[in-house]
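K.L.:
Structure file structure-v4.csv (CSV, N, CA and C atoms) right here:
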```csv
chain,number,residue,atom,x,y,z
A,1,MET,N,-34.0,13.3,74.9
A,1,MET,CA,-33.8,13.4,73.4
A,1,MET,C,-32.8,12.4,73.0
A,2,PRO,N,-33.1,11.6,71.9
A,2,PRO,CA,-32.2,10.6,71.5
A,2,PRO,C,-30.8,11.2,71.0
A,3,GLN,N,-29.8,10.4,71.1
A,3,GLN,CA,-28.5,10.8,70.7
A,3,GLN,C,-28.0,9.9,69.6
A,4,ARG,N,-27.2,10.4,68.7
A,4,ARG,CA,-26.7,9.6,67.6
A,4,ARG,C,-25.2,9.3,67.9
A,5,THR,N,-24.9,8.1,67.4
A,5,THR,CA,-23.5,7.7,67.5
A,5,THR,C,-23.2,6.9,66.2
A,6,PHE,N,-21.9,6.7,66.0
A,6,PHE,CA,-21.4,6.0,64.7
A,6,PHE,C,-20.7,4.7,65.1
A,7,SER,N,-20.9,3.7,64.3
A,7,SER,CA,-20.2,2.4,64.6
A,7,SER,C,-19.8,1.7,63.3
A,8,ILE,N,-18.8,0.9,63.4
A,8,ILE,CA,-18.4,0.1,62.3
A,8,ILE,C,-18.2,-1.4,62.7
A,9,VAL,N,-18.8,-2.3,62.0
A,9,VAL,CA,-18.4,-3.7,62.1
A,9,VAL,C,-17.2,-3.9,61.3
A,10,LYS,N,-16.1,-4.2,62.0
A,10,LYS,CA,-14.8,-4.2,61.3
A,10,LYS,C,-14.5,-5.4,60.4
A,11,PRO,N,-13.5,-5.4,59.6
A,11,PRO,CA,-13.3,-6.4,58.6
A,11,PRO,C,-13.2,-7.8,59.2
A,12,ASP,N,-12.6,-8.0,60.4
A,12,ASP,CA,-12.4,-9.3,60.9
A,12,ASP,C,-13.8,-9.9,61.2
A,13,ALA,N,-14.7,-9.2,61.8
A,13,ALA,CA,-16.0,-9.7,62.1
A,13,ALA,C,-16.8,-10.0,60.9
A,14,VAL,N,-16.7,-9.1,59.9
A,14,VAL,CA,-17.4,-9.4,58.6
A,14,VAL,C,-16.9,-10.7,58.0
A,15,ARG,N,-15.6,-10.8,57.9
A,15,ARG,CA,-14.9,-11.9,57.3
A,15,ARG,C,-15.3,-13.2,58.0
A,16,ASN,N,-15.4,-13.1,59.4
A,16,ASN,CA,-15.8,-14.3,60.2
A,16,ASN,C,-17.3,-14.6,60.2
A,17,GLY,N,-18.1,-13.8,59.5
A,17,GLY,CA,-19.5,-14.1,59.5
A,17,GLY,C,-20.3,-13.7,60.7
A,18,HIS,N,-19.8,-12.7,61.4
A,18,HIS,CA,-20.5,-12.2,62.6
A,18,HIS,C,-21.4,-11.0,62.5
A,19,THR,N,-21.5,-10.5,61.3
A,19,THR,CA,-22.2,-9.2,61.0
A,19,THR,C,-23.6,-9.3,61.6
A,20,GLY,N,-24.4,-10.3,61.2
A,20,GLY,CA,-25.8,-10.5,61.6
A,20,GLY,C,-25.9,-10.6,63.1
A,21,ALA,N,-25.0,-11.3,63.8
A,21,ALA,CA,-25.1,-11.5,65.2
A,21,ALA,C,-24.8,-10.2,65.9
A,22,ILE,N,-23.8,-9.4,65.4
A,22,ILE,CA,-23.5,-8.1,66.0
A,22,ILE,C,-24.6,-7.1,65.8
A,23,LEU,N,-25.2,-7.1,64.6
A,23,LEU,CA,-26.3,-6.2,64.4
A,23,LEU,C,-27.5,-6.6,65.3
A,24,GLY,N,-27.7,-7.9,65.5
A,24,GLY,CA,-28.7,-8.4,66.4
A,24,GLY,C,-28.5,-7.9,67.8
A,25,GLU,N,-27.3,-7.9,68.3
A,25,GLU,CA,-27.0,-7.4,69.7
A,25,GLU,C,-27.3,-5.9,69.8
A,26,ILE,N,-26.9,-5.2,68.8
A,26,ILE,CA,-27.2,-3.7,68.8
A,26,ILE,C,-28.7,-3.5,68.8
A,27,ASP,N,-29.4,-4.2,68.0
A,27,ASP,CA,-30.9,-4.1,67.9
A,27,ASP,C,-31.5,-4.4,69.2
A,28,LYS,N,-31.1,-5.5,69.8
A,28,LYS,CA,-31.6,-6.0,71.1
A,28,LYS,C,-31.4,-5.0,72.2
A,29,ALA,N,-30.3,-4.2,72.1
A,29,ALA,CA,-29.9,-3.2,73.1
A,29,ALA,C,-30.8,-2.0,73.0
A,30,GLY,N,-31.7,-1.9,72.0
A,30,GLY,CA,-32.6,-0.8,71.8
A,30,GLY,C,-32.2,0.3,70.9
A,31,PHE,N,-31.1,0.1,70.2
A,31,PHE,CA,-30.7,1.1,69.2
A,31,PHE,C,-31.6,1.1,68.0
A,32,ARG,N,-31.8,2.3,67.4
A,32,ARG,CA,-32.5,2.5,66.2
A,32,ARG,C,-31.4,2.7,65.1
A,33,PHE,N,-31.5,1.9,64.0
A,33,PHE,CA,-30.6,2.1,62.9
A,33,PHE,C,-31.0,3.3,62.0
A,34,VAL,N,-30.3,4.3,62.0
A,34,VAL,CA,-30.6,5.5,61.3
A,34,VAL,C,-30.1,5.4,59.8
A,35,ALA,N,-28.9,4.8,59.7
A,35,ALA,CA,-28.3,4.6,58.4
A,35,ALA,C,-27.4,3.4,58.5
A,36,LEU,N,-27.3,2.6,57.4
A,36,LEU,CA,-26.5,1.4,57.4
A,36,LEU,C,-26.0,1.1,56.0
A,37,LYS,N,-24.7,0.8,55.9
A,37,LYS,CA,-24.2,0.4,54.5
A,37,LYS,C,-23.0,-0.4,54.7
A,38,GLN,N,-22.8,-1.3,53.7
A,38,GLN,CA,-21.7,-2.2,53.7
A,38,GLN,C,-20.8,-1.7,52.5
A,39,GLN,N,-19.5,-1.6,52.8
A,39,GLN,CA,-18.5,-1.2,51.8
A,39,GLN,C,-17.1,-1.5,52.1
A,40,SER,N,-16.2,-1.5,51.2
A,40,SER,CA,-14.8,-1.6,51.4
A,40,SER,C,-14.2,-0.2,51.3
A,41,ILE,N,-13.1,0.1,52.0
A,41,ILE,CA,-12.5,1.4,51.9
A,41,ILE,C,-11.1,1.3,51.5
A,42,SER,N,-10.5,2.4,51.0
A,42,SER,CA,-9.1,2.5,50.7
A,42,SER,C,-8.3,2.8,51.9
A,43,LYS,N,-7.0,2.5,51.8
A,43,LYS,CA,-6.1,2.8,52.9
A,43,LYS,C,-6.1,4.4,53.2
A,44,ARG,N,-6.2,5.1,52.1
A,44,ARG,CA,-6.3,6.6,52.2
A,44,ARG,C,-7.5,7.0,53.0
A,45,GLN,N,-8.7,6.4,52.7
A,45,GLN,CA,-9.9,6.7,53.4
A,45,GLN,C,-9.7,6.4,54.9
A,46,ALA,N,-9.1,5.3,55.2
A,46,ALA,CA,-8.9,4.9,56.6
A,46,ALA,C,-7.9,5.9,57.3
A,47,GLU,N,-6.9,6.3,56.6
A,47,GLU,CA,-6.0,7.3,57.1
A,47,GLU,C,-6.7,8.6,57.5
A,48,GLY,N,-7.6,9.1,56.6
A,48,GLY,CA,-8.4,10.3,56.9
A,48,GLY,C,-9.3,10.1,58.1
A,49,PHE,N,-9.9,8.9,58.2
A,49,PHE,CA,-10.8,8.6,59.3
A,49,PHE,C,-10.1,8.6,60.6
A,50,TYR,N,-8.9,8.0,60.6
A,50,TYR,CA,-8.1,7.8,61.8
A,50,TYR,C,-7.0,8.9,62.0
A,51,ALA,N,-7.2,10.0,61.3
A,51,ALA,CA,-6.1,11.1,61.3
A,51,ALA,C,-5.7,11.5,62.7
A,52,VAL,N,-6.6,11.4,63.7
A,52,VAL,CA,-6.3,11.8,65.0
A,52,VAL,C,-5.2,10.9,65.6
A,53,HIS,N,-5.0,9.7,65.1
A,53,HIS,CA,-4.0,8.8,65.5
A,53,HIS,C,-2.7,8.8,64.7
A,54,ARG,N,-2.6,9.7,63.7
A,54,ARG,CA,-1.4,9.7,62.9
A,54,ARG,C,-0.2,10.0,63.8
A,55,GLY,N,0.9,9.3,63.5
A,55,GLY,CA,2.1,9.4,64.3
A,55,GLY,C,2.2,8.4,65.4
A,56,LYS,N,1.1,7.8,65.8
A,56,LYS,CA,1.1,6.7,66.8
A,56,LYS,C,1.6,5.4,66.2
A,57,PRO,N,2.3,4.6,67.0
A,57,PRO,CA,2.9,3.4,66.5
A,57,PRO,C,1.9,2.4,65.8
A,58,PHE,N,0.7,2.4,66.2
A,58,PHE,CA,-0.3,1.5,65.6
A,58,PHE,C,-1.0,2.0,64.4
A,59,PHE,N,-0.8,3.3,64.0
A,59,PHE,CA,-1.5,4.0,62.9
A,59,PHE,C,-1.5,3.2,61.6
A,60,ASP,N,-0.3,2.9,61.1
A,60,ASP,CA,-0.2,2.2,59.8
A,60,ASP,C,-0.9,0.8,59.8
A,61,ALA,N,-0.7,0.1,60.8
A,61,ALA,CA,-1.3,-1.3,60.9
A,61,ALA,C,-2.8,-1.2,61.0
A,62,LEU,N,-3.3,-0.2,61.7
A,62,LEU,CA,-4.7,0.0,61.9
A,62,LEU,C,-5.4,0.4,60.5
A,63,CYS,N,-4.7,1.3,59.8
A,63,CYS,CA,-5.3,1.7,58.5
A,63,CYS,C,-5.2,0.6,57.5
A,64,GLU,N,-4.1,-0.2,57.5
A,64,GLU,CA,-4.0,-1.4,56.7
A,64,GLU,C,-5.1,-2.4,57.0
A,65,PHE,N,-5.3,-2.7,58.2
A,65,PHE,CA,-6.4,-3.6,58.7
A,65,PHE,C,-7.8,-3.1,58.3
A,66,MET,N,-8.1,-1.9,58.5
A,66,MET,CA,-9.4,-1.3,58.2
A,66,MET,C,-9.7,-1.3,56.7
A,67,SER,N,-8.7,-1.3,55.9
A,67,SER,CA,-8.9,-1.3,54.5
A,67,SER,C,-8.7,-2.7,53.9
A,68,SER,N,-8.6,-3.7,54.7
A,68,SER,CA,-8.3,-5.1,54.3
A,68,SER,C,-9.6,-5.9,53.9
A,69,GLY,N,-10.8,-5.3,54.1
A,69,GLY,CA,-12.0,-6.1,53.7
A,69,GLY,C,-13.2,-5.2,53.9
A,70,THR,N,-14.3,-5.9,53.8
A,70,THR,CA,-15.6,-5.2,53.9
A,70,THR,C,-15.9,-4.7,55.3
A,71,LEU,N,-16.5,-3.6,55.4
A,71,LEU,CA,-17.0,-3.0,56.6
A,71,LEU,C,-18.5,-2.8,56.6
A,72,VAL,N,-19.1,-2.7,57.8
A,72,VAL,CA,-20.5,-2.3,57.9
A,72,VAL,C,-20.5,-1.0,58.7
A,73,LEU,N,-20.8,0.1,58.0
A,73,LEU,CA,-20.9,1.4,58.6
A,73,LEU,C,-22.3,1.7,59.0
A,74,MET,N,-22.4,2.3,60.2
A,74,MET,CA,-23.8,2.6,60.7
A,74,MET,C,-23.9,3.8,61.6
A,75,VAL,N,-25.1,4.4,61.5
A,75,VAL,CA,-25.4,5.5,62.4
A,75,VAL,C,-26.5,5.0,63.3
A,76,LEU,N,-26.4,5.1,64.6
A,76,LEU,CA,-27.3,4.5,65.6
A,76,LEU,C,-27.9,5.6,66.4
A,77,GLU,N,-29.1,5.4,67.0
A,77,GLU,CA,-29.7,6.4,67.8
A,77,GLU,C,-30.4,5.8,69.0
A,78,LYS,N,-30.3,6.4,70.1
A,78,LYS,CA,-31.1,6.1,71.3
A,78,LYS,C,-30.7,7.1,72.4
A,79,GLU,N,-31.4,7.1,73.5
A,79,GLU,CA,-30.9,7.9,74.7
A,79,GLU,C,-29.5,7.4,75.1
A,80,ASN,N,-28.6,8.3,75.4
A,80,ASN,CA,-27.3,7.9,75.8
A,80,ASN,C,-26.6,6.9,74.9
A,81,ALA,N,-26.8,7.1,73.6
A,81,ALA,CA,-26.3,6.2,72.6
A,81,ALA,C,-24.7,6.0,72.7
A,82,ILE,N,-24.0,7.0,72.8
A,82,ILE,CA,-22.5,6.9,72.8
A,82,ILE,C,-22.0,6.0,74.0
A,83,ALA,N,-22.5,6.3,75.2
A,83,ALA,CA,-22.1,5.5,76.4
A,83,ALA,C,-22.6,4.1,76.3
A,84,ASP,N,-23.9,4.0,75.9
A,84,ASP,CA,-24.5,2.7,75.9
A,84,ASP,C,-23.8,1.8,74.9
A,85,LEU,N,-23.4,2.3,73.7
A,85,LEU,CA,-22.8,1.5,72.7
A,85,LEU,C,-21.4,1.1,73.2
A,86,ARG,N,-20.7,2.0,73.8
A,86,ARG,CA,-19.3,1.7,74.3
A,86,ARG,C,-19.4,0.5,75.4
A,87,LYS,N,-20.4,0.6,76.2
A,87,LYS,CA,-20.6,-0.5,77.2
A,87,LYS,C,-20.9,-1.8,76.5
A,88,LEU,N,-21.8,-1.8,75.5
A,88,LEU,CA,-22.2,-3.0,74.8
A,88,LEU,C,-21.0,-3.5,74.0
A,89,MET,N,-20.1,-2.7,73.5
A,89,MET,CA,-18.9,-3.1,72.8
A,89,MET,C,-17.9,-3.9,73.7
A,90,GLY,N,-17.7,-3.3,74.9
A,90,GLY,CA,-16.7,-3.9,75.8
A,90,GLY,C,-15.4,-3.3,75.6
A,91,ALA,N,-14.4,-3.7,76.4
A,91,ALA,CA,-13.1,-3.2,76.4
A,91,ALA,C,-12.4,-3.4,75.1
A,92,THR,N,-11.5,-2.5,74.7
A,92,THR,CA,-10.8,-2.6,73.4
A,92,THR,C,-10.1,-3.9,73.3
A,93,ASN,N,-9.4,-4.3,74.4
A,93,ASN,CA,-8.8,-5.6,74.4
A,93,ASN,C,-9.8,-6.7,74.8
A,94,PRO,N,-10.2,-7.6,73.9
A,94,PRO,CA,-11.3,-8.5,74.2
A,94,PRO,C,-11.0,-9.4,75.4
A,95,ALA,N,-9.7,-9.6,75.7
A,95,ALA,CA,-9.3,-10.4,76.9
A,95,ALA,C,-9.8,-9.7,78.2
A,96,ASN,N,-10.0,-8.3,78.2
A,96,ASN,CA,-10.5,-7.6,79.3
A,96,ASN,C,-11.9,-7.2,79.2
A,97,ALA,N,-12.6,-7.6,78.2
A,97,ALA,CA,-14.0,-7.3,78.0
A,97,ALA,C,-14.9,-8.1,78.9
A,98,GLU,N,-16.0,-7.5,79.3
A,98,GLU,CA,-17.0,-8.2,80.2
A,98,GLU,C,-17.7,-9.2,79.4
A,99,GLU,N,-18.2,-10.3,80.1
A,99,GLU,CA,-19.0,-11.3,79.5
A,99,GLU,C,-20.2,-10.7,78.9
A,100,GLY,N,-20.7,-11.2,77.7
A,100,GLY,CA,-21.9,-10.7,77.1
A,100,GLY,C,-21.6,-9.5,76.2
A,101,THR,N,-20.4,-8.9,76.2
A,101,THR,CA,-20.2,-7.7,75.3
A,101,THR,C,-19.8,-8.3,73.9
A,102,ILE,N,-19.9,-7.4,72.9
A,102,ILE,CA,-19.6,-7.8,71.6
A,102,ILE,C,-18.2,-8.2,71.4
A,103,ARG,N,-17.3,-7.5,72.0
A,103,ARG,CA,-15.9,-7.9,71.8
A,103,ARG,C,-15.5,-9.2,72.5
A,104,LYS,N,-16.2,-9.4,73.7
A,104,LYS,CA,-15.9,-10.7,74.4
A,104,LYS,C,-16.4,-11.9,73.5
A,105,GLN,N,-17.5,-11.7,72.8
A,105,GLN,CA,-18.1,-12.7,72.0
A,105,GLN,C,-17.4,-12.9,70.6
A,106,PHE,N,-17.0,-11.8,70.0
A,106,PHE,CA,-16.6,-11.9,68.6
A,106,PHE,C,-15.2,-11.4,68.2
A,107,ALA,N,-14.5,-10.8,69.2
A,107,ALA,CA,-13.2,-10.2,68.8
A,107,ALA,C,-12.1,-11.2,69.2
A,108,SER,N,-10.9,-11.1,68.4
A,108,SER,CA,-9.8,-12.0,68.7
A,108,SER,C,-8.5,-11.3,69.2
A,109,SER,N,-8.5,-10.0,69.1
A,109,SER,CA,-7.3,-9.3,69.5
A,109,SER,C,-7.6,-7.8,69.7
A,110,ILE,N,-6.6,-7.0,70.2
A,110,ILE,CA,-6.8,-5.6,70.4
A,110,ILE,C,-7.1,-5.0,69.0
A,111,GLN,N,-6.4,-5.4,68.0
A,111,GLN,CA,-6.7,-4.8,66.6
A,111,GLN,C,-7.9,-5.4,66.0
A,112,GLU,N,-8.0,-6.7,66.0
A,112,GLU,CA,-9.1,-7.4,65.4
A,112,GLU,C,-10.2,-7.5,66.4
A,113,ASN,N,-10.8,-6.4,66.8
A,113,ASN,CA,-11.7,-6.3,67.9
A,113,ASN,C,-13.2,-6.1,67.5
A,114,ALA,N,-13.5,-6.5,66.3
A,114,ALA,CA,-14.9,-6.7,65.8
A,114,ALA,C,-15.7,-5.4,65.5
A,115,ILE,N,-15.5,-4.4,66.4
A,115,ILE,CA,-16.4,-3.2,66.3
A,115,ILE,C,-15.7,-1.9,66.7
A,116,HIS,N,-16.2,-0.8,66.1
A,116,HIS,CA,-15.7,0.5,66.5
A,116,HIS,C,-17.0,1.3,66.9
A,117,GLY,N,-16.8,2.2,67.8
A,117,GLY,CA,-17.9,3.1,68.2
A,117,GLY,C,-17.3,4.4,68.7
A,118,SER,N,-18.0,5.5,68.3
A,118,SER,CA,-17.6,6.8,68.7
A,118,SER,C,-17.4,6.9,70.2
A,119,ASP,N,-16.4,7.8,70.6
A,119,ASP,CA,-16.2,7.9,72.0
A,119,ASP,C,-16.7,9.2,72.6
A,120,ALA,N,-17.2,10.1,71.8
A,120,ALA,CA,-17.7,11.4,72.3
A,120,ALA,C,-18.7,12.0,71.3
A,121,GLU,N,-19.4,13.0,71.6
A,121,GLU,CA,-20.3,13.7,70.7
A,121,GLU,C,-19.6,14.3,69.5
A,122,ASP,N,-18.5,15.0,69.8
A,122,ASP,CA,-17.8,15.6,68.6
A,122,ASP,C,-17.2,14.6,67.7
A,123,THR,N,-16.7,13.5,68.3
A,123,THR,CA,-16.2,12.4,67.5
A,123,THR,C,-17.3,11.8,66.6
A,124,ALA,N,-18.4,11.6,67.2
A,124,ALA,CA,-19.6,11.0,66.5
A,124,ALA,C,-20.0,11.9,65.3
A,125,ALA,N,-20.0,13.2,65.6
A,125,ALA,CA,-20.4,14.1,64.5
A,125,ALA,C,-19.4,14.1,63.4
A,126,PHE,N,-18.1,14.0,63.7
A,126,PHE,CA,-17.1,13.9,62.6
A,126,PHE,C,-17.3,12.6,61.9
A,127,GLU,N,-17.4,11.5,62.6
A,127,GLU,CA,-17.4,10.2,62.0
A,127,GLU,C,-18.7,10.0,61.1
A,128,ILE,N,-19.8,10.4,61.6
A,128,ILE,CA,-21.0,10.3,60.8
A,128,ILE,C,-20.9,11.1,59.5
A,129,GLY,N,-20.4,12.3,59.6
A,129,GLY,CA,-20.2,13.2,58.4
A,129,GLY,C,-19.1,12.7,57.5
A,130,TYR,N,-18.2,11.9,58.0
A,130,TYR,CA,-17.1,11.4,57.2
A,130,TYR,C,-17.6,10.3,56.2
A,131,TRP,N,-18.5,9.5,56.7
A,131,TRP,CA,-19.0,8.3,55.9
A,131,TRP,C,-20.4,8.5,55.3
A,132,PHE,N,-21.2,9.4,55.8
A,132,PHE,CA,-22.6,9.5,55.4
A,132,PHE,C,-22.9,10.9,55.0
A,133,ALA,N,-23.5,11.1,53.8
A,133,ALA,CA,-24.1,12.3,53.3
A,133,ALA,C,-25.4,12.6,54.1
A,134,GLY,N,-25.7,13.8,54.3
A,134,GLY,CA,-27.0,14.2,55.0
A,134,GLY,C,-28.2,13.5,54.5
A,135,TYR,N,-28.3,13.3,53.2
A,135,TYR,CA,-29.6,12.7,52.7
A,135,TYR,C,-29.6,11.2,53.0
A,136,GLU,N,-28.5,10.6,53.4
A,136,GLU,CA,-28.5,9.2,53.8
A,136,GLU,C,-29.1,8.9,55.2
A,137,LEU,N,-29.2,10.0,55.9
A,137,LEU,CA,-29.7,9.8,57.3
A,137,LEU,C,-31.2,10.0,57.4
A,138,ILE,N,-31.9,9.0,57.8
A,138,ILE,CA,-33.3,9.1,57.9
A,138,ILE,C,-33.8,9.7,59.2
```
How does this structure look as structure tokens?
P.N.:
Amino acid sequence: MPQRTFSIVKPDAVRNGHTGAILGEIDKAGFRFVALKQQSISKRQAEGFYAVHRGKPFFDALCEFMSSGTLVLMVLEKENAIADLRKLMGATNPANAEEGTIRKQFASSIQENAIHGSDAEDTAAFEIGYWFAGYELI
């Protein structure tokens, strides 16, 4: 049975014109796009989304960064979607990412690392619900 996951093309990648190439990599890897939208978010929305990280040293900088420009929010589906997307994304630090991964190709730093992907089923469920109303999911 297909699994759903959530992903974001982050502001750095959108700003640098990598959105199409990143979506192409995701498509090539066999994911089905269930929902897709481009939007900017407020710092407050970012804080709600990343609430699990509140109190950590990087929290404020992360929320500032995520609200600094346009994002591409998406719900993806395939067998083993969560694990497969995480493998396709590569290590959080692009310097440690494997060749051919999205972060190796398009990221410039740990923070400006081009893409976000859910790390577990419960996280995916929260993240999908945070950004998409049920009627937006085909």
K.L.:
Need the shell around segment 39-56 of chain A: protein/DNA/RNA residues with any atom at most 7 Å away, counting only C-alpha atoms. Skip same-chain ones fewer than 4 positions apart. Format as a PyMOL selection string?
P.N.:
chain A and resi 63-64+66-67+69-72
K.L.:
Have a look at atom C of Phe65 of chain A and atom CA of Ser109 of chain A and let me know their distance in Å, one decimal.
P.N.:
12.8 Å
K.L.:
Quick one: of A:Gly100, A:Pro11, A:Pro2, A:Gly17, who's nearest to Gly30 of chain A, counting only C-alpha atoms?
P.N.:
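Closest to Gly30 of chain A of all the choices is A:Pro2.
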K.L.:
What's the separation between atom CA of Ser118 of chain A and atom C of Ala35 of chain A, in Å to one decimal place?
P.N.:
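If I compute the distance from atom CA of Ser118 of chain A to atom C of Ala35 of chain A, I get 14.5 Å.
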K.L.:
With a distance cut-off of 8 Å and only N, CA and C atoms, select the neighbouring residues of Asn113 of chain A, excluding the residue or stretch itself and same-chain residues fewer than 6 positions from it, and output the selection as a list in words.
P.N.:
Val9, Lys10, Pro11, Asp12, Ala13, Ala91, Thr92, Asn93, Pro94, Ile102, Arg103, Lys104, Phe106 and Ala107 of chain A
